[in-house]
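Text of query_10.cif (mmCIF, C-alpha atoms and all ligand atoms) as supplied:
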```cif
data_work
loop_
_atom_site.label_atom_id
_atom_site.label_comp_id
_atom_site.auth_asym_id
_atom_site.auth_seq_id
_atom_site.Cartn_x
_atom_site.Cartn_y
_atom_site.Cartn_z
CA MET A 7 -108.81 -24.37 -51.51
CA PRO A 8 -108.28 -28.01 -52.45
CA GLU A 9 -111.60 -29.40 -53.66
CA LEU A 10 -112.78 -33.00 -53.98
CA PRO A 11 -110.99 -33.63 -57.32
CA GLU A 12 -107.66 -32.41 -55.92
CA VAL A 13 -108.11 -34.60 -52.84
CA GLU A 14 -109.01 -37.61 -54.98
CA VAL A 15 -105.94 -37.05 -57.15
CA THR A 16 -103.86 -36.75 -53.97
CA ARG A 17 -105.26 -40.11 -52.89
CA LEU A 18 -104.41 -41.67 -56.24
CA GLY A 19 -100.92 -40.16 -56.01
CA ILE A 20 -100.00 -41.22 -52.49
CA ALA A 21 -101.81 -44.56 -52.12
CA PRO A 22 -99.34 -46.61 -54.20
CA ALA A 23 -96.39 -44.78 -52.61
CA ILE A 24 -97.21 -45.52 -48.95
CA THR A 25 -99.60 -48.50 -48.77
CA GLY A 26 -97.93 -51.40 -46.98
CA LEU A 27 -95.15 -49.24 -45.50
CA ARG A 28 -94.26 -49.11 -41.82
CA LEU A 29 -94.05 -45.72 -40.10
CA GLN A 30 -90.65 -45.10 -38.57
CA ARG A 31 -91.27 -41.66 -37.17
CA VAL A 32 -93.80 -38.81 -37.18
CA ARG A 33 -92.46 -35.26 -37.20
CA LEU A 34 -94.88 -32.44 -36.41
CA GLY A 35 -94.26 -28.75 -37.14
CA LYS A 36 -96.42 -25.90 -35.94
CA PRO A 37 -99.94 -26.64 -34.60
CA LEU A 38 -102.60 -27.30 -37.21
CA ARG A 39 -106.37 -26.85 -37.06
CA TRP A 40 -106.83 -29.87 -34.77
CA PRO A 41 -104.25 -31.75 -32.69
CA LEU A 42 -103.04 -35.22 -33.64
CA GLY A 43 -104.83 -36.73 -30.67
CA CYS A 44 -102.03 -39.04 -29.55
CA ALA A 45 -98.32 -38.90 -28.84
CA PRO A 46 -96.51 -39.13 -32.21
CA GLU A 47 -94.35 -41.91 -30.78
CA LEU A 48 -97.44 -44.12 -30.52
CA LEU A 49 -97.50 -44.27 -34.32
CA HIS A 50 -93.97 -45.60 -34.68
CA GLY A 51 -94.00 -49.06 -36.17
CA ARG A 52 -97.58 -48.86 -37.42
CA VAL A 53 -98.31 -49.98 -40.98
CA ILE A 54 -100.36 -48.04 -43.57
CA THR A 55 -102.81 -50.59 -44.93
CA GLY A 56 -104.65 -48.37 -47.40
CA VAL A 57 -105.68 -44.84 -48.35
CA ARG A 58 -109.37 -43.98 -48.68
CA ARG A 59 -111.20 -40.72 -49.23
CA ARG A 60 -114.47 -39.48 -47.78
CA GLY A 61 -115.48 -36.04 -49.03
CA LYS A 62 -112.33 -33.97 -48.65
CA TYR A 63 -110.90 -36.17 -45.90
CA LEU A 64 -108.15 -38.65 -46.66
CA LEU A 65 -108.28 -41.72 -44.44
CA LEU A 66 -104.92 -43.40 -43.99
CA ASP A 67 -105.82 -46.80 -42.62
CA LEU A 68 -103.43 -48.27 -40.08
CA ASP A 69 -103.13 -51.83 -38.85
CA GLN A 70 -105.55 -52.90 -36.10
CA GLY A 71 -108.36 -50.78 -37.56
CA ALA A 72 -106.85 -47.44 -36.55
CA VAL A 73 -106.91 -44.49 -38.90
CA LEU A 74 -105.11 -41.22 -39.58
CA VAL A 75 -107.47 -38.59 -40.98
CA LEU A 76 -105.74 -36.02 -43.16
CA HIS A 77 -107.42 -32.80 -44.26
CA LEU A 78 -105.74 -30.28 -46.54
CA GLY A 79 -107.58 -27.26 -45.14
CA MET A 80 -107.34 -24.08 -47.21
CA SER A 81 -103.82 -24.35 -48.54
CA GLY A 82 -102.50 -27.82 -47.80
CA SER A 83 -100.78 -30.13 -50.23
CA VAL A 84 -99.12 -33.48 -49.80
CA ARG A 85 -96.03 -34.89 -51.42
CA ILE A 86 -93.86 -37.96 -51.22
CA LEU A 87 -90.19 -37.08 -50.77
CA ASP A 88 -86.89 -38.72 -49.95
CA LYS A 89 -86.78 -39.46 -46.19
CA ASP A 90 -83.86 -37.06 -45.65
CA ASN A 91 -85.55 -34.10 -47.33
CA PRO A 92 -85.35 -31.22 -44.80
CA PRO A 93 -88.67 -29.59 -43.83
CA GLY A 94 -89.34 -25.94 -44.68
CA PRO A 95 -91.14 -23.42 -42.47
CA HIS A 96 -94.58 -24.42 -43.85
CA ASP A 97 -94.09 -28.19 -43.61
CA HIS A 98 -96.06 -29.29 -40.56
CA VAL A 99 -96.36 -33.07 -40.83
CA ASP A 100 -93.83 -35.66 -41.97
CA LEU A 101 -94.80 -39.32 -41.88
CA VAL A 102 -91.37 -40.91 -42.21
CA PHE A 103 -90.95 -44.39 -43.69
CA ALA A 104 -87.75 -46.40 -44.34
CA ASP A 105 -86.81 -44.63 -47.56
CA ARG A 106 -89.35 -41.84 -48.06
CA LEU A 107 -91.67 -39.50 -46.28
CA LEU A 108 -95.14 -38.12 -46.79
CA ARG A 109 -95.13 -34.38 -46.15
CA LEU A 110 -98.02 -32.00 -45.51
CA HIS A 111 -97.13 -28.51 -46.68
CA ASP A 112 -99.70 -26.05 -45.33
CA PRO A 113 -98.85 -22.31 -45.18
CA ARG A 114 -102.19 -21.29 -43.64
CA ARG A 115 -102.38 -24.25 -41.22
CA PHE A 116 -106.10 -24.97 -41.57
CA GLY A 117 -105.25 -28.55 -42.43
CA ALA A 118 -105.01 -31.35 -39.89
CA LEU A 119 -103.83 -34.87 -39.17
CA ILE A 120 -105.95 -36.71 -36.60
CA TYR A 121 -105.39 -40.14 -35.11
CA ALA A 122 -108.23 -42.43 -34.05
CA ASP A 123 -108.37 -46.05 -32.86
CA SER A 124 -111.08 -46.63 -35.46
CA SER A 125 -113.14 -44.62 -37.98
CA ASP A 126 -116.03 -44.94 -35.50
CA ALA A 127 -114.19 -42.97 -32.79
CA PRO A 128 -116.45 -40.04 -31.83
CA HIS A 129 -114.08 -37.23 -32.83
CA VAL A 130 -113.63 -38.73 -36.30
CA HIS A 131 -117.19 -39.96 -36.68
CA LYS A 132 -118.54 -36.45 -36.15
CA LEU A 133 -116.43 -35.16 -39.06
CA LEU A 134 -117.68 -37.85 -41.43
CA VAL A 135 -121.25 -38.57 -40.34
CA LYS A 136 -122.91 -35.55 -41.95
CA LEU A 137 -121.30 -36.01 -45.33
CA GLY A 138 -123.64 -36.69 -48.23
CA VAL A 139 -123.29 -39.32 -50.93
CA GLU A 140 -119.97 -39.54 -52.79
CA PRO A 141 -120.55 -37.96 -56.22
CA LEU A 142 -118.18 -40.30 -58.03
CA SER A 143 -119.67 -43.44 -56.48
CA GLU A 144 -122.45 -45.68 -57.73
CA GLN A 145 -124.57 -44.57 -54.79
CA PHE A 146 -124.99 -41.14 -56.38
CA SER A 147 -128.05 -41.08 -58.66
CA PRO A 148 -130.77 -38.63 -59.78
CA GLN A 149 -132.81 -40.12 -56.93
CA THR A 150 -130.19 -38.86 -54.45
CA LEU A 151 -130.94 -35.31 -55.55
CA LYS A 152 -134.70 -35.90 -55.67
CA THR A 153 -134.83 -37.24 -52.12
CA GLY A 154 -132.29 -34.77 -50.76
CA PHE A 155 -133.86 -31.67 -52.31
CA GLN A 156 -137.48 -32.58 -51.65
CA GLY A 157 -139.44 -29.77 -50.00
CA ARG A 158 -136.41 -27.50 -49.70
CA SER A 159 -136.82 -23.82 -50.50
CA VAL A 160 -133.09 -23.04 -50.34
CA SER A 161 -131.48 -22.27 -53.72
CA VAL A 162 -130.14 -25.24 -55.65
CA LYS A 163 -126.66 -23.66 -55.63
CA GLN A 164 -126.62 -23.56 -51.85
CA ALA A 165 -128.19 -27.01 -51.54
CA LEU A 166 -125.38 -28.44 -53.67
CA LEU A 167 -122.72 -26.59 -51.71
CA ALA A 168 -124.06 -27.67 -48.31
CA GLY A 169 -122.64 -31.15 -48.85
CA ASP A 170 -125.32 -33.00 -46.91
CA VAL A 171 -127.01 -34.40 -50.04
CA VAL A 172 -123.98 -34.91 -52.24
CA VAL A 173 -120.52 -34.21 -50.89
CA GLY A 174 -117.64 -32.34 -52.52
CA VAL A 175 -119.46 -30.16 -55.03
CA GLY A 176 -117.41 -27.05 -54.24
CA ASN A 177 -118.15 -23.51 -55.30
CA ILE A 178 -116.56 -23.66 -58.74
CA TYR A 179 -118.06 -27.05 -59.56
CA ALA A 180 -121.55 -26.03 -58.42
CA SER A 181 -121.59 -23.06 -60.82
CA GLU A 182 -120.24 -25.17 -63.65
CA ALA A 183 -122.65 -28.05 -63.09
CA LEU A 184 -125.68 -25.75 -62.96
CA PHE A 185 -124.61 -24.15 -66.23
CA LEU A 186 -124.22 -27.55 -67.91
CA ALA A 187 -127.64 -28.57 -66.61
CA GLY A 188 -129.23 -25.27 -67.71
CA ILE A 189 -130.57 -24.58 -64.23
CA HIS A 190 -130.65 -21.07 -62.75
CA PRO A 191 -128.63 -21.05 -59.51
CA LYS A 192 -131.41 -19.30 -57.56
CA THR A 193 -134.03 -21.95 -58.32
CA ALA A 194 -135.46 -23.44 -55.13
CA ALA A 195 -133.96 -26.92 -54.80
CA GLY A 196 -137.32 -28.53 -54.08
CA ARG A 197 -138.93 -27.10 -57.21
CA ILE A 198 -136.72 -28.80 -59.79
CA GLY A 199 -138.48 -31.62 -61.64
CA PRO A 200 -137.12 -35.13 -62.19
CA ALA A 201 -135.93 -34.55 -65.76
CA ARG A 202 -133.87 -31.52 -64.76
CA LEU A 203 -132.53 -33.30 -61.67
CA ALA A 204 -131.33 -36.09 -63.95
CA LYS A 205 -129.49 -33.47 -66.00
CA LEU A 206 -128.01 -31.95 -62.87
CA HIS A 207 -126.86 -35.36 -61.66
CA ALA A 208 -125.10 -36.01 -64.98
CA ALA A 209 -123.55 -32.51 -64.92
CA VAL A 210 -122.15 -32.92 -61.38
CA VAL A 211 -120.57 -36.25 -62.32
CA GLN A 212 -119.18 -34.77 -65.52
CA VAL A 213 -117.48 -31.71 -63.99
CA LEU A 214 -115.95 -33.64 -61.10
CA ALA A 215 -114.81 -36.59 -63.21
CA GLN A 216 -113.26 -34.20 -65.73
CA ALA A 217 -111.35 -32.42 -62.97
CA VAL A 218 -110.02 -35.70 -61.57
CA GLU A 219 -108.99 -36.73 -65.07
CA LYS A 220 -107.14 -33.45 -65.61
CA GLY A 221 -105.39 -33.88 -62.29
CA GLY A 222 -104.36 -37.38 -63.30
CA SER A 223 -101.73 -35.88 -65.55
CA SER A 224 -100.08 -34.37 -62.46
CA LEU A 225 -99.84 -37.67 -60.57
CA ARG A 226 -96.09 -38.03 -61.02
CA ASP A 227 -95.58 -34.67 -59.27
CA PHE A 228 -96.43 -36.35 -55.98
CA VAL A 229 -93.14 -38.18 -56.07
CA ALA A 230 -91.01 -35.46 -57.69
CA ALA A 231 -88.74 -33.56 -55.32
CA ASP A 232 -89.57 -30.17 -56.73
CA GLY A 233 -92.91 -30.90 -58.33
CA SER A 234 -95.85 -28.65 -57.69
CA HIS A 235 -99.43 -29.68 -57.97
CA GLY A 236 -102.78 -29.13 -56.36
CA HIS A 237 -105.11 -26.76 -58.11
CA PHE A 238 -106.26 -27.76 -61.53
CA GLN A 239 -106.94 -25.25 -64.20
CA LEU A 240 -110.53 -25.92 -65.03
CA SER A 241 -111.60 -24.68 -68.44
CA ALA A 242 -114.53 -22.89 -66.85
CA GLN A 243 -117.71 -22.23 -68.78
CA VAL A 244 -118.95 -19.62 -66.32
CA TYR A 245 -116.86 -19.55 -63.13
CA GLY A 246 -114.75 -16.38 -62.85
CA ARG A 247 -116.02 -15.13 -66.21
CA ALA A 248 -118.30 -12.25 -65.11
CA GLY A 249 -119.06 -9.93 -68.03
CA GLN A 250 -117.43 -12.23 -70.58
CA PRO A 251 -119.56 -13.76 -73.34
CA CYS A 252 -121.27 -17.09 -72.66
CA ARG A 253 -119.52 -19.79 -74.67
CA VAL A 254 -122.91 -21.01 -75.89
CA CYS A 255 -125.11 -17.93 -76.48
CA HIS A 256 -122.65 -15.01 -76.14
CA ALA A 257 -124.74 -13.19 -73.50
CA PRO A 258 -122.53 -11.70 -70.75
CA ILE A 259 -121.97 -14.06 -67.79
CA LYS A 260 -123.53 -12.78 -64.57
CA HIS A 261 -122.07 -12.77 -61.08
CA ILE A 262 -124.11 -12.88 -57.87
CA VAL A 263 -123.35 -13.72 -54.25
CA GLN A 264 -125.27 -16.54 -52.56
CA GLY A 265 -124.54 -17.41 -48.94
CA GLN A 266 -121.40 -15.24 -49.17
CA ARG A 267 -120.06 -17.29 -52.08
CA SER A 268 -119.70 -16.15 -55.66
CA THR A 269 -121.99 -17.69 -58.23
CA TYR A 270 -121.57 -17.27 -61.98
CA TYR A 271 -124.26 -18.09 -64.52
CA CYS A 272 -125.77 -17.26 -67.90
CA ALA A 273 -129.25 -15.74 -67.61
CA GLN A 274 -130.08 -16.87 -71.17
CA CYS A 275 -128.98 -20.50 -70.87
CA GLN A 276 -130.06 -21.12 -67.27
CA HIS A 277 -133.68 -20.98 -66.14
ZN ZN A 301 -125.57 -18.58 -72.44
#
```
Is it possible to express this structure as C-alpha cells?
Amino acid sequence: MPELPEVEVTRLGIAPAITGLRLQRVRLGKPLRWPLGCAPELLHGRVITGVRRRGKYLLLDLDQGAVLVLHLGMSGSVRILDKDNPPGPHDHVDLVFADRLLRLHDPRRFGALIYADSSDAPHVHKLLVKLGVEPLSEQFSPQTLKTGFQGRSVSVKQALLAGDVVVGVGNIYASEALFLAGIHPKTAAGRIGPARLAKLHAAVVQVLAQAVEKGGSSLRDFVAADGSHGHFQLSAQVYGRAGQPCRVCHAPIKHIVQGQRSTYYCAQCQH
C-alpha cells in the first residue's frame, strides 16, 4: 500500500509536470472507490494551480478554489505520460493536457479521484478533518505526541497508526520508529514520559524523511514511459525480520499482531 513517503514523492514528481496546465479532457475507466462527483466534461478547460498533500491524499488545486482529491488506495500509482499513450485495463483515470497526461494505474481500484468546488466541501472535508499533524511539517513536535497521547491506555503502536495525532505513520514506519526510539510497541501511549516522547518524535521524522529521500531517486520515473516506481525498499531494522538477529544486540526480532496489524520489535532494545 502506498504510504505517506510514496505519496509525498508522487507529489514531488507530478507537481512540476502539471502545475499551470489546462485540462483538455478527463477519461475515466472502471469505477473506483468513490465517484468523481461531477460530469468529467465539467473539468475541461480548468487549470491545475498546484499540487498539495494532506496525509495520503493528493490535492490537485484547480482555478476558482476547486480541488481534485486523488487517493492511491491499496495499489494505485500515478505517472505522467505522452497524451497519446493508450490506457491499459488497470488505468482508470487520465487527466489529459495539451501534450501529456496524468494517469492513475490502480489494479485493485481502491483509489479515487474526487472533485469538489472547494476543500471545505463536506464530502472532502470529512476525509481531511480527522487527520493529525503532518509529520514532516514544523507543526509536528514532541508536544504533539505529549498532548495527543495524554491519558490514553491504547498501545503506542496503535496510537501512532490511528493517524489522529500524527498522520501517515504507516505500519512499517511505526515499527521502525519505535525500534529507533527504544520503546516497546505494547507500551500504553499515555505512560511514555517526555524524554522518550522526544526520542519517538525524532525517530518518526527520521524514518519518514529517509523514505522520502530514498524515493527522491525515483523521481524521474514519473515522466518515463516505462518507468516503475512506488514502493521503496526500506532498509528495515525490524520490520519483516521476525526471527532474524537484531542489528544492534543480535537477539531474535519478535513478531506480534496488534489491532490485526503485524508489529516487529526487539525485546532487548525496546522497553
Ligand atoms: Zn536489539
Hey, which bits of chain A sit within 6 Å of ligand ZN 301 (chain A), and for each residue what's the closest pair of atoms and how far apart in Å (one decimal), counting only C-alpha atoms and all ligand atoms, rows by chain and increasing number, as a Markdown table?
```
| residue | atom | partner | partner_atom | distance |
| --- | --- | --- | --- | --- |
| A:Cys252 | CA | A:ZN301 | ZN | 4.6 |
| A:Val254 | CA | A:ZN301 | ZN | 5.0 |
| A:Cys255 | CA | A:ZN301 | ZN | 4.1 |
| A:His256 | CA | A:ZN301 | ZN | 5.9 |
| A:Ala257 | CA | A:ZN301 | ZN | 5.6 |
| A:Cys272 | CA | A:ZN301 | ZN | 4.7 |
| A:Gln274 | CA | A:ZN301 | ZN | 5.0 |
| A:Cys275 | CA | A:ZN301 | ZN | 4.2 |
```
For segment 246-251 of chain A: contacts at 10 Å, all atoms listed in the file, fewer than 2 positions along chain excluded, given as a ChimeraX atom specification: /A:178,181,242-244,253-262,268-272
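The nearest approach to Leu110 of chain A among the residues A:Ala194, A:Leu27, A:Ala122, A:Val32, with only C-alpha atoms taken into account, belongs to A:Val32.
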Just to confirm, what's the straight-line distance from atom CA of Glu182 of chain A to atom CA of Tyr63 of chain A in Å (one decimal)? 22.9 Å
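For Lys36 of chain A, the set of protein, DNA and RNA residues having any atom at most 9 Å away, when counting all atoms listed in the file and skipping those fewer than 6 positions along the same chain, is Pro95, His96, Asp97, His98, Val99 and Arg115 of chain A.
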As a check of understanding: the span from atom CA of Leu68 of chain A to atom CA of Ala217 of chain A is 28.9 Å
Contacts of segment 133-135 of chain A at 10 Å or less, counting all atoms listed in the file, minus same-chain residues fewer than 4 places along, as a ChimeraX atom specification? /A:60-63,75,125-126,128-129,170
Restricted to C-alpha atoms, what would the selected residues look like written as a PDB file, in the frame of the given file?
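The new file again_18.pdb reads:
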```
ATOM      1  CA  ARG A  60    -114.470 -39.480 -47.780  1.00  0.00           C
ATOM      2  CA  GLY A  61    -115.480 -36.040 -49.030  1.00  0.00           C
ATOM      3  CA  LYS A  62    -112.330 -33.970 -48.650  1.00  0.00           C
ATOM      4  CA  TYR A  63    -110.900 -36.170 -45.900  1.00  0.00           C
ATOM      5  CA  VAL A  75    -107.470 -38.590 -40.980  1.00  0.00           C
ATOM      6  CA  SER A 125    -113.140 -44.620 -37.980  1.00  0.00           C
ATOM      7  CA  ASP A 126    -116.030 -44.940 -35.500  1.00  0.00           C
ATOM      8  CA  PRO A 128    -116.450 -40.040 -31.830  1.00  0.00           C
ATOM      9  CA  HIS A 129    -114.080 -37.230 -32.830  1.00  0.00           C
ATOM     10  CA  ASP A 170    -125.320 -33.000 -46.910  1.00  0.00           C
TER      11      ASP A 170
END
```
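Excluding Thr150 of chain A itself and same-chain residues fewer than 3 positions from it, the residues having an atom within 12 Å of it are Gly138, Val139, Glu140, Pro141, Ser143, Glu144, Gln145, Phe146, Ser147, Thr153, Gly154, Phe155, Gln156, Leu166, Asp170, Val171, Val172, Val173, Pro200, Leu203, Ala204, Leu206 and His207 of chain A, counting only C-alpha atoms.
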Expressed in Å, the length from atom CA of Val263 of chain A to atom CA of Ser161 of chain A is 11.8 Å
Spatial neighbours of Arg106 of chain A, max dist 12 Å, all atoms listed in the file, sep filter under 3 positions, as a PDB file with C-alpha atoms, keeping the file's coordinate frame:
```
ATOM      1  CA  ILE A  20    -100.000 -41.220 -52.490  1.00  0.00           C
ATOM      2  CA  ALA A  23     -96.390 -44.780 -52.610  1.00  0.00           C
ATOM      3  CA  ILE A  24     -97.210 -45.520 -48.950  1.00  0.00           C
ATOM      4  CA  LEU A  27     -95.150 -49.240 -45.500  1.00  0.00           C
ATOM      5  CA  ARG A  28     -94.260 -49.110 -41.820  1.00  0.00           C
ATOM      6  CA  LEU A  29     -94.050 -45.720 -40.100  1.00  0.00           C
ATOM      7  CA  GLN A  30     -90.650 -45.100 -38.570  1.00  0.00           C
ATOM      8  CA  ARG A  31     -91.270 -41.660 -37.170  1.00  0.00           C
ATOM      9  CA  ARG A  85     -96.030 -34.890 -51.420  1.00  0.00           C
ATOM     10  CA  ILE A  86     -93.860 -37.960 -51.220  1.00  0.00           C
ATOM     11  CA  LEU A  87     -90.190 -37.080 -50.770  1.00  0.00           C
ATOM     12  CA  ASP A  88     -86.890 -38.720 -49.950  1.00  0.00           C
ATOM     13  CA  LYS A  89     -86.780 -39.460 -46.190  1.00  0.00           C
ATOM     14  CA  ASP A  90     -83.860 -37.060 -45.650  1.00  0.00           C
ATOM     15  CA  ASN A  91     -85.550 -34.100 -47.330  1.00  0.00           C
ATOM     16  CA  PRO A  92     -85.350 -31.220 -44.800  1.00  0.00           C
ATOM     17  CA  ASP A 100     -93.830 -35.660 -41.970  1.00  0.00           C
ATOM     18  CA  LEU A 101     -94.800 -39.320 -41.880  1.00  0.00           C
ATOM     19  CA  VAL A 102     -91.370 -40.910 -42.210  1.00  0.00           C
ATOM     20  CA  PHE A 103     -90.950 -44.390 -43.690  1.00  0.00           C
ATOM     21  CA  ARG A 109     -95.130 -34.380 -46.150  1.00  0.00           C
ATOM     22  CA  PHE A 228     -96.430 -36.350 -55.980  1.00  0.00           C
ATOM     23  CA  VAL A 229     -93.140 -38.180 -56.070  1.00  0.00           C
ATOM     24  CA  ALA A 230     -91.010 -35.460 -57.690  1.00  0.00           C
ATOM     25  CA  ALA A 231     -88.740 -33.560 -55.320  1.00  0.00           C
TER      26      ALA A 231
END
```
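For the choices A:Ser124, A:Gln264, A:Ser83, A:Ser241, the atom-to-atom distance to Lys220 of chain A is smallest for A:Ser241 when using only C-alpha atoms.
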Taking all atoms of segment 8-22 of chain A that the file lists, what box with edges along x, y and z, padded by 4 Å per side, do you get, with centre and edge lengths in Å to one decimal, as JSON?
```
{"center_x": -106.1, "center_y": -37.3, "center_z": -54.7, "size_x": 21.4, "size_y": 26.6, "size_z": 13.2}
```
The residue from A:Leu167, A:Leu65, A:Ala201, A:Val73 with the smallest atom-to-atom distance to Val13 of chain A, counting only C-alpha atoms, is A:Leu65
Find the nearest atom pair between each residue of segment 106-193 of chain A and segment 209-215 of chain A for residues within 6 Å, count all atoms listed in the file, give distances in Å to one decimal, sort rows by chain and ascending number, and present the table as a tab-separated table.
```
residue	atom	partner	partner_atom	distance
A:Ala183	CA	A:Ala209	CA	4.9
A:Leu186	CA	A:Ala209	CA	5.8
A:Ala187	CA	A:Ala209	CA	5.9
```
Nearest residue to Gly56 of chain A out of A:Gln149, A:Gln70, A:Thr25, A:Gln266, using all atoms listed in the file? A:Thr25
